[in-house]
Amino acid sequence: MSDPVIRINKMNKWFGNFHVLRDINLNVAAGEKIVICGPSGSGKSTLIRCINRLEAHQEGEIEVEGITLDGSLKNLEDIRSNVGMVFQQFNLFPHMTVLENCTLSPIWVQQKPKAEAEKLARELLARVRIPDQADKYPGQLSGGQQQRVAIARALCMNPRIMLFDEPTSALDPEMIKEVLDVMVELAEEGMTMLCVTHEMGFARQVADRVIFMDEGEIVEENAPEAFFSNPKNERTQLFLSQVL
Amino acid sequence: MTGFTPTPARPAPANTVGFVGWARENLFATKLDSLLTVLAITLILYVIKVVFGWAVIDASFSGSDRTACLKDVQGACWPFIEAKFGQFIYGRYPDAERWRVDLVFAAGLIGLVPMLMPNVGHKRANMIFLLGFYPVFAFIMLTGGVLGLAAVDTTDWGGLLVTLVVAVTGIVASLPLGILLALGRRSDLPIVRALCIGFIEIFRGVPLITVLFMASVMLPLFLPDGVNFDKLVRCLIGVALFSSAYMAEVVRGGLQAIPKGQYEAAAALGLSYWKTTRLIILPQALKLVIPGIVNTFIGLFKDTTLVLIVGLFDLLGIVQLHFTDASWATPETHITGYVFAGAVFWLFCFAMSRYSIFMENHLSTDRNGS
């Protein structure tokens, strides 16, 4: 394994007195695709939200591309411009057109000229297969289209790592596939990806490693074949028997 | 195999479409509806008859003193308004200098109208004109004393001029101040938050009259001898601070309606607090509370009449002042004056209200709205 781009060492996090993440150790290599699954409340969303510090951890270290995540604003800005995030509820900005959503960060954070940012945004919208929706508002699009805009918006920062927080959980069944197709494509292009998802088909198809979490701990991690066919831990077996 | 021939469409029954259909559905749907409709129409006709009779049929339209308004059946005494019109608009602003006020009004209109029309471009230049150049221009023109303009003391200002100066200053100052106070009240910094809460709760808990009294009577007591600034300026500051406290609470309502996901998405894109606030949060929050903002503006506009109690004569104050003029003492003078003042206030407030509805529709980005 090459040098890890994400290094999490003995990380602990509490919400008030509630110990939500316990001694998390995780290294992610460049280009690796990791699927994180587990029952609700197991801390999987919190884990990936710690990687771009939407949540602050209290103990241990998180290093992203060699930059340590601490309270420093400078470090935080560097990390956030290298890490794209896609949310369960899309979180598009409803008062801006699709194109404006996508060019926001390139223009205001990366200080790119508007024309260049728009060109990039249109390319990426074409890549997620909605090139003709650029001038609409998010409220005029379907859920699947909105989530693909959210992916394009994150990609516009030209990130080296992408975090997906249950990207298909809020979608109608027939729209899940169009989002997963885009994610599979992205994976094939070599993006480093961490996905919290219950789409086991997607995990089998693209994941290099599947991580199972429960009660704030990593219970088991393995290559997808071994993970699904031969889970070692009883808790994992129980979970898989319920979702598969 | 059987072929399918669509049944030809028939016209809808005559009594369900057009005016008859509309009236049946909306005015005479049930017996009670019909009764209410008849009663309401009777009432409307009666009110129109009374108002029209007073304002037009029985009214006097010309004359130079009270004798014009002493008919047996006397309606409105419009010559009173005509004779005092200059006073109502400018107060005791010297006749020879009133063109300066007109110029300020005209420049304000020229700056404001294109600003309010979303399709007219050059908003940035327009904004610089309105918020940068215009206040300086208005100040120089109205007070004078430089560039060869005769100085006009603010104690000579009055009427609509004072109403507009107080209202416009209050409106322009209260929105940014209110936004800052609302952001401060939601800040993570405890001292900033405490200061903002303190300010808002004190000004909201005190009547405007008290604020104005404090500004005009109490404040000079605390200032050293010889240091004194204009009474109108003190009132302007009082009104601006008072209305910004209300505005802050309106804006806070909008801020609280923005989902947490919007902050998180902005953070994940690397936007700083101020960029997030300016580009993501405020545009959405302010749009949500347009009705509340305009409500505060309208309230503020009407509250300007309270400057009367510290000796400034706004439109209503100056109208009342002229009731004491013996040469216009008629039974109808008061009501004519009040109707006139009311109509002017109503015109401004109604315009603000209609504009806010227009803006709400214009800014809507929903599926059906845009």
# chains A, B, ... in the order shown; residues from 1 in each chain; ligands from 1
$ residues_around --residues "Leu92 in chain A" --least-positions-apart "2" --cutoff "12 Å" --atoms "only C-alpha atoms" --output "ChimeraX atom specification"
/A:85-90,94-102,104,137-141,143,145-154 /B:259-266,268-269,280
$ write_last_selection --atoms "N, CA and C atoms" --output "short mmCIF file (atom, residue, chain, number, x, y, z; two decimals), in the first residue's frame"
data_model
loop_
_atom_site.label_atom_id
_atom_site.label_comp_id
_atom_site.auth_asym_id
_atom_site.auth_seq_id
_atom_site.Cartn_x
_atom_site.Cartn_y
_atom_site.Cartn_z
N MET A 85 -17.63 16.75 -0.59
CA MET A 85 -18.60 15.99 0.21
C MET A 85 -19.98 16.02 -0.44
N VAL A 86 -20.65 14.86 -0.39
CA VAL A 86 -22.00 14.75 -0.92
C VAL A 86 -22.90 14.27 0.22
N PHE A 87 -24.02 14.98 0.42
CA PHE A 87 -24.86 14.72 1.57
C PHE A 87 -26.10 13.92 1.20
N GLN A 88 -26.67 13.30 2.22
CA GLN A 88 -27.91 12.55 2.01
C GLN A 88 -29.01 13.46 1.46
N GLN A 89 -29.13 14.67 2.04
CA GLN A 89 -30.21 15.58 1.64
C GLN A 89 -29.76 16.58 0.57
N PHE A 90 -28.75 16.24 -0.20
CA PHE A 90 -28.21 17.06 -1.31
C PHE A 90 -27.63 18.40 -0.83
N PRO A 94 -30.79 26.58 -2.75
CA PRO A 94 -32.00 26.71 -3.57
C PRO A 94 -32.15 28.06 -4.26
N HIS A 95 -31.42 29.08 -3.77
CA HIS A 95 -31.58 30.40 -4.37
C HIS A 95 -30.62 30.62 -5.54
N MET A 96 -29.83 29.60 -5.86
CA MET A 96 -28.88 29.74 -6.96
C MET A 96 -29.20 28.72 -8.04
N THR A 97 -28.89 29.06 -9.29
CA THR A 97 -29.08 28.08 -10.35
C THR A 97 -28.07 26.96 -10.17
N VAL A 98 -28.30 25.88 -10.93
CA VAL A 98 -27.38 24.74 -10.88
C VAL A 98 -25.96 25.20 -11.18
N LEU A 99 -25.83 26.04 -12.21
CA LEU A 99 -24.49 26.51 -12.60
C LEU A 99 -23.86 27.33 -11.47
N GLU A 100 -24.67 28.19 -10.84
CA GLU A 100 -24.14 29.02 -9.76
C GLU A 100 -23.74 28.18 -8.56
N ASN A 101 -24.51 27.12 -8.28
CA ASN A 101 -24.13 26.19 -7.22
C ASN A 101 -22.74 25.62 -7.49
N CYS A 102 -22.50 25.26 -8.76
CA CYS A 102 -21.24 24.60 -9.11
C CYS A 102 -20.06 25.56 -9.15
N LEU A 104 -19.71 28.32 -7.36
CA LEU A 104 -19.56 29.08 -6.12
C LEU A 104 -18.16 28.93 -5.51
N TYR A 137 -33.18 26.03 -11.45
CA TYR A 137 -32.96 26.06 -10.00
C TYR A 137 -33.13 24.65 -9.45
N PRO A 138 -32.42 24.33 -8.35
CA PRO A 138 -32.50 22.97 -7.80
C PRO A 138 -33.94 22.48 -7.59
N GLY A 139 -34.83 23.39 -7.16
CA GLY A 139 -36.22 23.01 -6.89
C GLY A 139 -36.95 22.50 -8.12
N GLN A 140 -36.39 22.75 -9.30
CA GLN A 140 -37.05 22.31 -10.53
C GLN A 140 -36.56 20.95 -11.00
N LEU A 141 -35.60 20.35 -10.26
CA LEU A 141 -35.02 19.08 -10.68
C LEU A 141 -35.56 17.93 -9.83
N GLY A 143 -35.01 14.39 -7.58
CA GLY A 143 -34.04 14.07 -6.53
C GLY A 143 -32.73 13.53 -7.10
N GLN A 145 -31.49 13.99 -10.04
CA GLN A 145 -30.75 15.06 -10.73
C GLN A 145 -30.09 15.98 -9.72
N GLN A 146 -30.81 16.28 -8.62
CA GLN A 146 -30.23 17.16 -7.60
C GLN A 146 -28.97 16.54 -7.01
N GLN A 147 -29.02 15.23 -6.75
CA GLN A 147 -27.85 14.61 -6.14
C GLN A 147 -26.69 14.60 -7.12
N ARG A 148 -26.97 14.47 -8.42
CA ARG A 148 -25.88 14.51 -9.39
C ARG A 148 -25.31 15.93 -9.48
N VAL A 149 -26.17 16.94 -9.33
CA VAL A 149 -25.65 18.32 -9.26
C VAL A 149 -24.73 18.45 -8.05
N ALA A 150 -25.15 17.86 -6.92
CA ALA A 150 -24.34 17.95 -5.71
C ALA A 150 -22.97 17.29 -5.94
N ILE A 151 -22.96 16.19 -6.67
CA ILE A 151 -21.67 15.54 -6.97
C ILE A 151 -20.83 16.44 -7.86
N ALA A 152 -21.47 17.02 -8.90
CA ALA A 152 -20.73 17.93 -9.79
C ALA A 152 -20.20 19.13 -9.01
N ARG A 153 -21.03 19.64 -8.08
CA ARG A 153 -20.61 20.81 -7.30
C ARG A 153 -19.35 20.48 -6.49
N ALA A 154 -19.34 19.27 -5.89
CA ALA A 154 -18.18 18.87 -5.11
C ALA A 154 -16.96 18.68 -6.01
N PRO B 259 -31.97 25.64 6.99
CA PRO B 259 -31.57 24.34 7.52
C PRO B 259 -30.06 24.26 7.76
N LYS B 260 -29.70 23.42 8.75
CA LYS B 260 -28.29 23.24 9.10
C LYS B 260 -27.48 22.75 7.90
N GLY B 261 -28.12 21.96 7.05
CA GLY B 261 -27.43 21.41 5.88
C GLY B 261 -26.84 22.49 4.98
N GLN B 262 -27.47 23.67 4.93
CA GLN B 262 -26.94 24.74 4.10
C GLN B 262 -25.59 25.23 4.64
N TYR B 263 -25.50 25.32 5.98
CA TYR B 263 -24.22 25.72 6.59
C TYR B 263 -23.16 24.66 6.33
N GLU B 264 -23.59 23.39 6.46
CA GLU B 264 -22.62 22.30 6.30
C GLU B 264 -22.12 22.22 4.86
N ALA B 265 -23.04 22.37 3.90
CA ALA B 265 -22.63 22.32 2.50
C ALA B 265 -21.65 23.45 2.20
N ALA B 266 -21.95 24.64 2.74
CA ALA B 266 -21.06 25.78 2.50
C ALA B 266 -19.69 25.53 3.14
N ALA B 268 -18.34 22.60 3.73
CA ALA B 268 -17.66 21.55 2.98
C ALA B 268 -17.06 22.09 1.69
N LEU B 269 -17.63 23.18 1.16
CA LEU B 269 -17.07 23.80 -0.05
C LEU B 269 -15.94 24.76 0.28
N ILE B 280 -24.80 32.58 1.01
CA ILE B 280 -25.73 31.45 1.17
C ILE B 280 -26.86 31.79 2.13
#
$ closest_atom_pairs --of "chain A" --to "chain B" --cutoff "6 Å" --atoms "only C-alpha atoms" --output "CSV"
residue,atom,partner,partner_atom,distance
A:Glu77,CA,B:Gly270,CA,5.7
A:Arg80,CA,B:Gly270,CA,5.2
A:Ser81,CA,B:Gly270,CA,5.7
A:Asn91,CA,B:Gly261,CA,5.5
A:Ser105,CA,B:Leu269,CA,5.9
A:Gly139,CA,B:Asp366,CA,5.5
A:Gln140,CA,B:Arg367,CA,4.9
$ atom_distance --atom1 "CA of Phe345 in chain B" --atom2 "CA of Phe301 in chain B"
8.0 Å
$ closest_residue --among "A:Met213, A:Leu155, A:Ala226, A:Val182" --to "Gly41 in chain A" --atoms "only C-alpha atoms"
A:Met213
$ select_by_dssp --residues "chain A" --states "alpha helix (DSSP H)" --output "PyMOL selection string"
chain A and resi 44-51+73-82+98-108+114-127+143-155+173-188+200-206+224-229+234-243
$ atom_distance --atom1 "CA of Thr336 in chain B" --atom2 "CA of Leu160 in chain B"
16.8 Å
$ residues_around --residues "Arg234 in chain B" --least-positions-apart "3" --cutoff "10 Å" --atoms "only C-alpha atoms" --output "list of chain:residue names"
B:Leu212, B:Phe213, B:Met214, B:Ala215, B:Ser216, B:Val217, B:Leu219, B:Pro220, B:Asn228, B:Phe229, B:Asp230, B:Lys231, B:Ile237, B:Gly238, B:Val239, B:Ala240
$ residues_around --residues "range 178-185 of chain B" --least-positions-apart "2" --cutoff "10 Å" --atoms "only C-alpha atoms" --output "ChimeraX atom specification"
/B:173-176,187-200,240-255,277,282,286
$ select_by_dssp --residues "range 26-179 of chain A" --states "strand (DSSP E)" --output "ChimeraX atom specification"
/A:26-29,33-37,59-64,67-68,83-86,161-165
$ residues_around --residues "range 147-149 of chain B" --least-positions-apart "2" --cutoff "12 Å" --atoms "only C-alpha atoms" --output "short mmCIF file (atom, residue, chain, number, x, y, z; two decimals) with all heavy atoms, in the first residue's frame"
data_model
loop_
_atom_site.label_atom_id
_atom_site.label_comp_id
_atom_site.auth_asym_id
_atom_site.auth_seq_id
_atom_site.Cartn_x
_atom_site.Cartn_y
_atom_site.Cartn_z
N ALA B 96 -37.69 80.71 -1.08
CA ALA B 96 -36.70 80.86 -2.16
C ALA B 96 -35.78 79.64 -2.27
O ALA B 96 -35.12 79.45 -3.29
CB ALA B 96 -35.87 82.12 -1.92
N GLU B 97 -35.72 78.83 -1.22
CA GLU B 97 -34.78 77.70 -1.22
C GLU B 97 -35.48 76.36 -1.47
O GLU B 97 -34.83 75.31 -1.46
CB GLU B 97 -34.03 77.63 0.12
CG GLU B 97 -33.36 78.92 0.55
CD GLU B 97 -32.20 79.31 -0.37
OE1 GLU B 97 -31.62 78.40 -1.00
OE2 GLU B 97 -31.90 80.52 -0.47
N ARG B 98 -36.79 76.39 -1.68
CA ARG B 98 -37.51 75.10 -1.77
C ARG B 98 -37.11 74.27 -2.98
O ARG B 98 -37.28 73.05 -2.98
CB ARG B 98 -39.02 75.36 -1.78
CG ARG B 98 -39.51 75.73 -0.39
CD ARG B 98 -40.99 75.96 -0.33
NE ARG B 98 -41.37 76.32 1.03
CZ ARG B 98 -42.58 76.67 1.40
NH1 ARG B 98 -43.55 76.71 0.49
NH2 ARG B 98 -42.85 76.95 2.65
N TRP B 99 -36.55 74.93 -4.00
CA TRP B 99 -36.09 74.16 -5.17
C TRP B 99 -35.05 73.12 -4.76
O TRP B 99 -34.92 72.07 -5.38
CB TRP B 99 -35.54 75.11 -6.24
CG TRP B 99 -34.33 75.91 -5.77
CD1 TRP B 99 -34.35 77.11 -5.16
CD2 TRP B 99 -32.96 75.52 -5.88
NE1 TRP B 99 -33.08 77.53 -4.86
CE2 TRP B 99 -32.19 76.58 -5.30
CE3 TRP B 99 -32.29 74.42 -6.41
CZ2 TRP B 99 -30.80 76.54 -5.23
CZ3 TRP B 99 -30.91 74.37 -6.34
CH2 TRP B 99 -30.17 75.42 -5.75
N ARG B 100 -34.32 73.43 -3.68
CA ARG B 100 -33.29 72.48 -3.24
C ARG B 100 -33.92 71.19 -2.74
O ARG B 100 -33.43 70.08 -3.00
CB ARG B 100 -32.44 73.12 -2.13
CG ARG B 100 -31.47 74.15 -2.69
CD ARG B 100 -31.05 75.19 -1.68
NE ARG B 100 -30.54 74.64 -0.43
CZ ARG B 100 -30.11 75.39 0.59
NH1 ARG B 100 -30.11 76.71 0.49
NH2 ARG B 100 -29.69 74.84 1.69
N PHE B 137 -25.07 64.37 -1.06
CA PHE B 137 -25.76 65.37 -1.87
C PHE B 137 -26.97 65.94 -1.11
O PHE B 137 -27.14 67.15 -1.00
CB PHE B 137 -26.21 64.72 -3.18
CG PHE B 137 -27.11 65.57 -4.03
CD1 PHE B 137 -26.60 66.65 -4.75
CD2 PHE B 137 -28.46 65.29 -4.12
CE1 PHE B 137 -27.43 67.43 -5.54
CE2 PHE B 137 -29.30 66.07 -4.90
CZ PHE B 137 -28.78 67.15 -5.61
N PHE B 139 -27.58 65.90 2.06
CA PHE B 139 -27.17 66.65 3.26
C PHE B 139 -26.74 68.07 2.88
O PHE B 139 -27.19 69.04 3.49
CB PHE B 139 -26.01 65.90 3.95
CG PHE B 139 -25.49 66.62 5.15
CD1 PHE B 139 -26.17 66.57 6.36
CD2 PHE B 139 -24.31 67.35 5.08
CE1 PHE B 139 -25.69 67.23 7.47
CE2 PHE B 139 -23.82 68.03 6.19
CZ PHE B 139 -24.51 67.97 7.38
N ILE B 140 -25.90 68.18 1.84
CA ILE B 140 -25.40 69.50 1.43
C ILE B 140 -26.56 70.36 0.94
O ILE B 140 -26.70 71.53 1.33
CB ILE B 140 -24.32 69.35 0.33
CG1 ILE B 140 -23.07 68.73 0.94
CG2 ILE B 140 -24.00 70.71 -0.28
CD1 ILE B 140 -21.99 68.41 -0.07
N MET B 141 -27.41 69.78 0.08
CA MET B 141 -28.50 70.57 -0.49
C MET B 141 -29.47 71.02 0.60
O MET B 141 -29.95 72.15 0.57
CB MET B 141 -29.26 69.75 -1.54
CG MET B 141 -28.52 69.52 -2.83
SD MET B 141 -27.90 71.03 -3.56
CE MET B 141 -29.38 71.66 -4.33
N LEU B 142 -29.81 70.13 1.53
CA LEU B 142 -30.85 70.46 2.49
C LEU B 142 -30.35 71.41 3.58
O LEU B 142 -31.06 72.32 3.99
CB LEU B 142 -31.42 69.18 3.13
CG LEU B 142 -32.22 68.28 2.18
CD1 LEU B 142 -32.66 67.02 2.89
CD2 LEU B 142 -33.42 69.03 1.62
N THR B 143 -29.12 71.21 4.06
CA THR B 143 -28.65 72.06 5.15
C THR B 143 -27.97 73.32 4.62
O THR B 143 -28.05 74.36 5.26
CB THR B 143 -27.66 71.32 6.06
OG1 THR B 143 -26.61 70.80 5.26
CG2 THR B 143 -28.33 70.19 6.81
N GLY B 144 -27.32 73.22 3.47
CA GLY B 144 -26.68 74.39 2.89
C GLY B 144 -25.50 74.88 3.71
O GLY B 144 -24.89 74.13 4.47
N GLY B 145 -25.16 76.16 3.54
CA GLY B 145 -24.03 76.72 4.27
C GLY B 145 -22.72 76.56 3.53
O GLY B 145 -21.71 77.08 3.95
N ALA B 151 -27.61 78.72 4.41
CA ALA B 151 -27.81 77.69 5.43
C ALA B 151 -29.28 77.68 5.85
O ALA B 151 -29.88 78.74 6.03
CB ALA B 151 -26.92 77.95 6.62
N VAL B 152 -29.86 76.47 5.96
CA VAL B 152 -31.23 76.36 6.46
C VAL B 152 -31.20 75.49 7.71
O VAL B 152 -30.81 74.32 7.64
CB VAL B 152 -32.17 75.73 5.41
CG1 VAL B 152 -33.58 75.63 5.97
CG2 VAL B 152 -32.15 76.54 4.14
#
$ residues_around --residues "range 44-58 of chain B" --least-positions-apart "5" --cutoff "9 Å" --atoms "only C-alpha atoms" --output "PyMOL selection string"
chain B and resi 39+71+73-78+336
$ residues_around --residues "Asn12 in chain A" --least-positions-apart "6" --cutoff "7 Å" --atoms "only C-alpha atoms" --output "PyMOL selection string"
chain A and resi 21-24+57-60
$ write_last_selection --atoms "all heavy atoms" --output "compact mmCIF listing (two decimals), in the first residue's frame"
# COMPACT_ATOMS: atom_id res chain seq x y z
N LEU A 21 -17.61 7.87 18.83
CA LEU A 21 -16.58 7.15 18.07
C LEU A 21 -15.49 6.71 19.04
O LEU A 21 -15.00 7.50 19.84
CB LEU A 21 -15.97 8.06 16.99
CG LEU A 21 -16.89 8.41 15.81
CD1 LEU A 21 -16.20 9.39 14.87
CD2 LEU A 21 -17.33 7.16 15.06
N ARG A 22 -15.13 5.41 18.96
CA ARG A 22 -14.21 4.87 19.96
C ARG A 22 -12.97 4.27 19.30
O ARG A 22 -13.09 3.31 18.52
CB ARG A 22 -14.92 3.78 20.77
CG ARG A 22 -16.18 4.32 21.40
CD ARG A 22 -16.97 3.29 22.11
NE ARG A 22 -18.30 3.84 22.38
CZ ARG A 22 -19.24 3.21 23.06
NH1 ARG A 22 -19.01 2.00 23.54
NH2 ARG A 22 -20.40 3.78 23.25
N ASP A 23 -11.83 4.88 19.58
CA ASP A 23 -10.54 4.35 19.11
C ASP A 23 -10.57 3.95 17.65
O ASP A 23 -10.30 2.80 17.30
CB ASP A 23 -10.14 3.14 19.97
CG ASP A 23 -9.58 3.60 21.29
OD1 ASP A 23 -9.04 4.72 21.33
OD2 ASP A 23 -9.70 2.86 22.28
N ILE A 24 -10.89 4.88 16.80
CA ILE A 24 -10.94 4.58 15.36
C ILE A 24 -9.53 4.65 14.79
O ILE A 24 -8.82 5.66 14.95
CB ILE A 24 -11.83 5.60 14.62
CG1 ILE A 24 -13.25 5.59 15.18
CG2 ILE A 24 -11.82 5.33 13.12
CD1 ILE A 24 -14.07 4.39 14.83
N HIS A 57 -13.20 16.19 16.37
CA HIS A 57 -12.92 15.06 17.27
C HIS A 57 -12.20 15.58 18.50
O HIS A 57 -11.63 16.67 18.48
CB HIS A 57 -12.10 13.99 16.56
CG HIS A 57 -10.77 14.48 16.08
ND1 HIS A 57 -10.64 15.28 14.97
CD2 HIS A 57 -9.51 14.31 16.57
CE1 HIS A 57 -9.36 15.58 14.79
NE2 HIS A 57 -8.65 15.01 15.74
N GLN A 58 -12.25 14.79 19.58
CA GLN A 58 -11.65 15.29 20.81
C GLN A 58 -10.30 14.64 21.13
O GLN A 58 -9.48 15.23 21.81
CB GLN A 58 -12.61 15.08 22.00
CG GLN A 58 -13.68 16.14 22.10
CD GLN A 58 -14.99 15.73 21.44
OE1 GLN A 58 -15.27 14.54 21.29
NE2 GLN A 58 -15.78 16.69 21.05
N GLU A 59 -10.10 13.40 20.66
CA GLU A 59 -8.84 12.71 20.97
C GLU A 59 -8.31 12.01 19.73
O GLU A 59 -9.08 11.61 18.87
CB GLU A 59 -9.09 11.63 22.05
CG GLU A 59 -8.92 12.14 23.47
CD GLU A 59 -9.16 11.00 24.46
OE1 GLU A 59 -8.89 9.83 24.11
OE2 GLU A 59 -9.62 11.31 25.55
N GLY A 60 -7.00 11.83 19.70
CA GLY A 60 -6.38 11.13 18.59
C GLY A 60 -6.08 12.08 17.44
O GLY A 60 -6.30 13.28 17.55
$ atom_distance --atom1 "CA of Ser241 in chain A" --atom2 "CA of Ser229 in chain A"
11.2 Å
$ decode --residues "range 213-232 of chain A" --atoms "N, CA, C and O atoms" --output "compact mmCIF listing (two decimals), in the first residue's frame"
# COMPACT_ATOMS: atom_id res chain seq x y z
N MET A 213 -19.31 -0.94 10.92
CA MET A 213 -19.23 -0.26 12.21
C MET A 213 -20.44 -0.56 13.06
O MET A 213 -21.55 -0.71 12.55
N ASP A 214 -20.23 -0.63 14.37
CA ASP A 214 -21.36 -0.71 15.30
C ASP A 214 -20.93 -0.07 16.62
O ASP A 214 -19.77 -0.22 17.04
N GLU A 215 -21.83 0.62 17.27
CA GLU A 215 -21.57 1.23 18.58
C GLU A 215 -20.29 2.06 18.57
O GLU A 215 -19.53 2.08 19.53
N GLY A 216 -20.06 2.79 17.46
CA GLY A 216 -18.91 3.70 17.41
C GLY A 216 -17.57 3.04 17.21
O GLY A 216 -16.54 3.69 17.35
N GLU A 217 -17.57 1.75 16.90
CA GLU A 217 -16.29 1.07 16.67
C GLU A 217 -16.27 0.43 15.30
O GLU A 217 -17.31 0.07 14.75
N ILE A 218 -15.05 0.27 14.76
CA ILE A 218 -14.92 -0.52 13.54
C ILE A 218 -14.88 -1.98 13.96
O ILE A 218 -13.96 -2.42 14.64
N VAL A 219 -15.93 -2.73 13.58
CA VAL A 219 -16.04 -4.12 14.01
C VAL A 219 -15.25 -5.04 13.09
O VAL A 219 -14.56 -5.96 13.53
N GLU A 220 -15.35 -4.73 11.81
CA GLU A 220 -14.71 -5.63 10.85
C GLU A 220 -14.39 -4.87 9.58
O GLU A 220 -15.15 -4.00 9.15
N GLU A 221 -13.25 -5.15 8.97
CA GLU A 221 -12.98 -4.59 7.65
C GLU A 221 -12.31 -5.65 6.80
O GLU A 221 -11.48 -6.42 7.27
N ASN A 222 -12.73 -5.68 5.52
CA ASN A 222 -12.23 -6.73 4.66
C ASN A 222 -12.49 -6.37 3.20
O ASN A 222 -13.26 -5.45 2.91
N ALA A 223 -11.86 -7.11 2.29
CA ALA A 223 -12.19 -6.96 0.88
C ALA A 223 -13.64 -7.40 0.69
O ALA A 223 -14.11 -8.27 1.42
N PRO A 224 -14.34 -6.82 -0.29
CA PRO A 224 -15.78 -7.06 -0.39
C PRO A 224 -16.14 -8.55 -0.54
O PRO A 224 -17.09 -9.01 0.12
N GLU A 225 -15.41 -9.29 -1.35
CA GLU A 225 -15.74 -10.71 -1.54
C GLU A 225 -15.75 -11.43 -0.20
O GLU A 225 -16.75 -12.04 0.20
N ALA A 226 -14.63 -11.30 0.51
CA ALA A 226 -14.50 -11.97 1.80
C ALA A 226 -15.52 -11.44 2.79
O ALA A 226 -16.12 -12.19 3.57
N PHE A 227 -15.75 -10.12 2.74
CA PHE A 227 -16.67 -9.49 3.69
C PHE A 227 -18.07 -10.06 3.55
O PHE A 227 -18.72 -10.40 4.53
N PHE A 228 -18.52 -10.17 2.30
CA PHE A 228 -19.90 -10.62 2.10
C PHE A 228 -20.04 -12.13 2.21
O PHE A 228 -21.03 -12.64 2.73
N SER A 229 -19.02 -12.89 1.70
CA SER A 229 -19.19 -14.35 1.69
C SER A 229 -18.79 -14.98 3.01
O SER A 229 -19.30 -16.02 3.39
N ASN A 230 -17.90 -14.31 3.72
CA ASN A 230 -17.36 -14.98 4.90
C ASN A 230 -17.11 -13.99 6.04
O ASN A 230 -15.98 -13.79 6.47
N PRO A 231 -18.17 -13.31 6.53
CA PRO A 231 -17.96 -12.36 7.62
C PRO A 231 -17.47 -13.07 8.87
O PRO A 231 -17.96 -14.15 9.21
N LYS A 232 -16.48 -12.46 9.53
CA LYS A 232 -15.86 -13.14 10.66
C LYS A 232 -16.64 -12.90 11.94
O LYS A 232 -16.78 -13.78 12.78
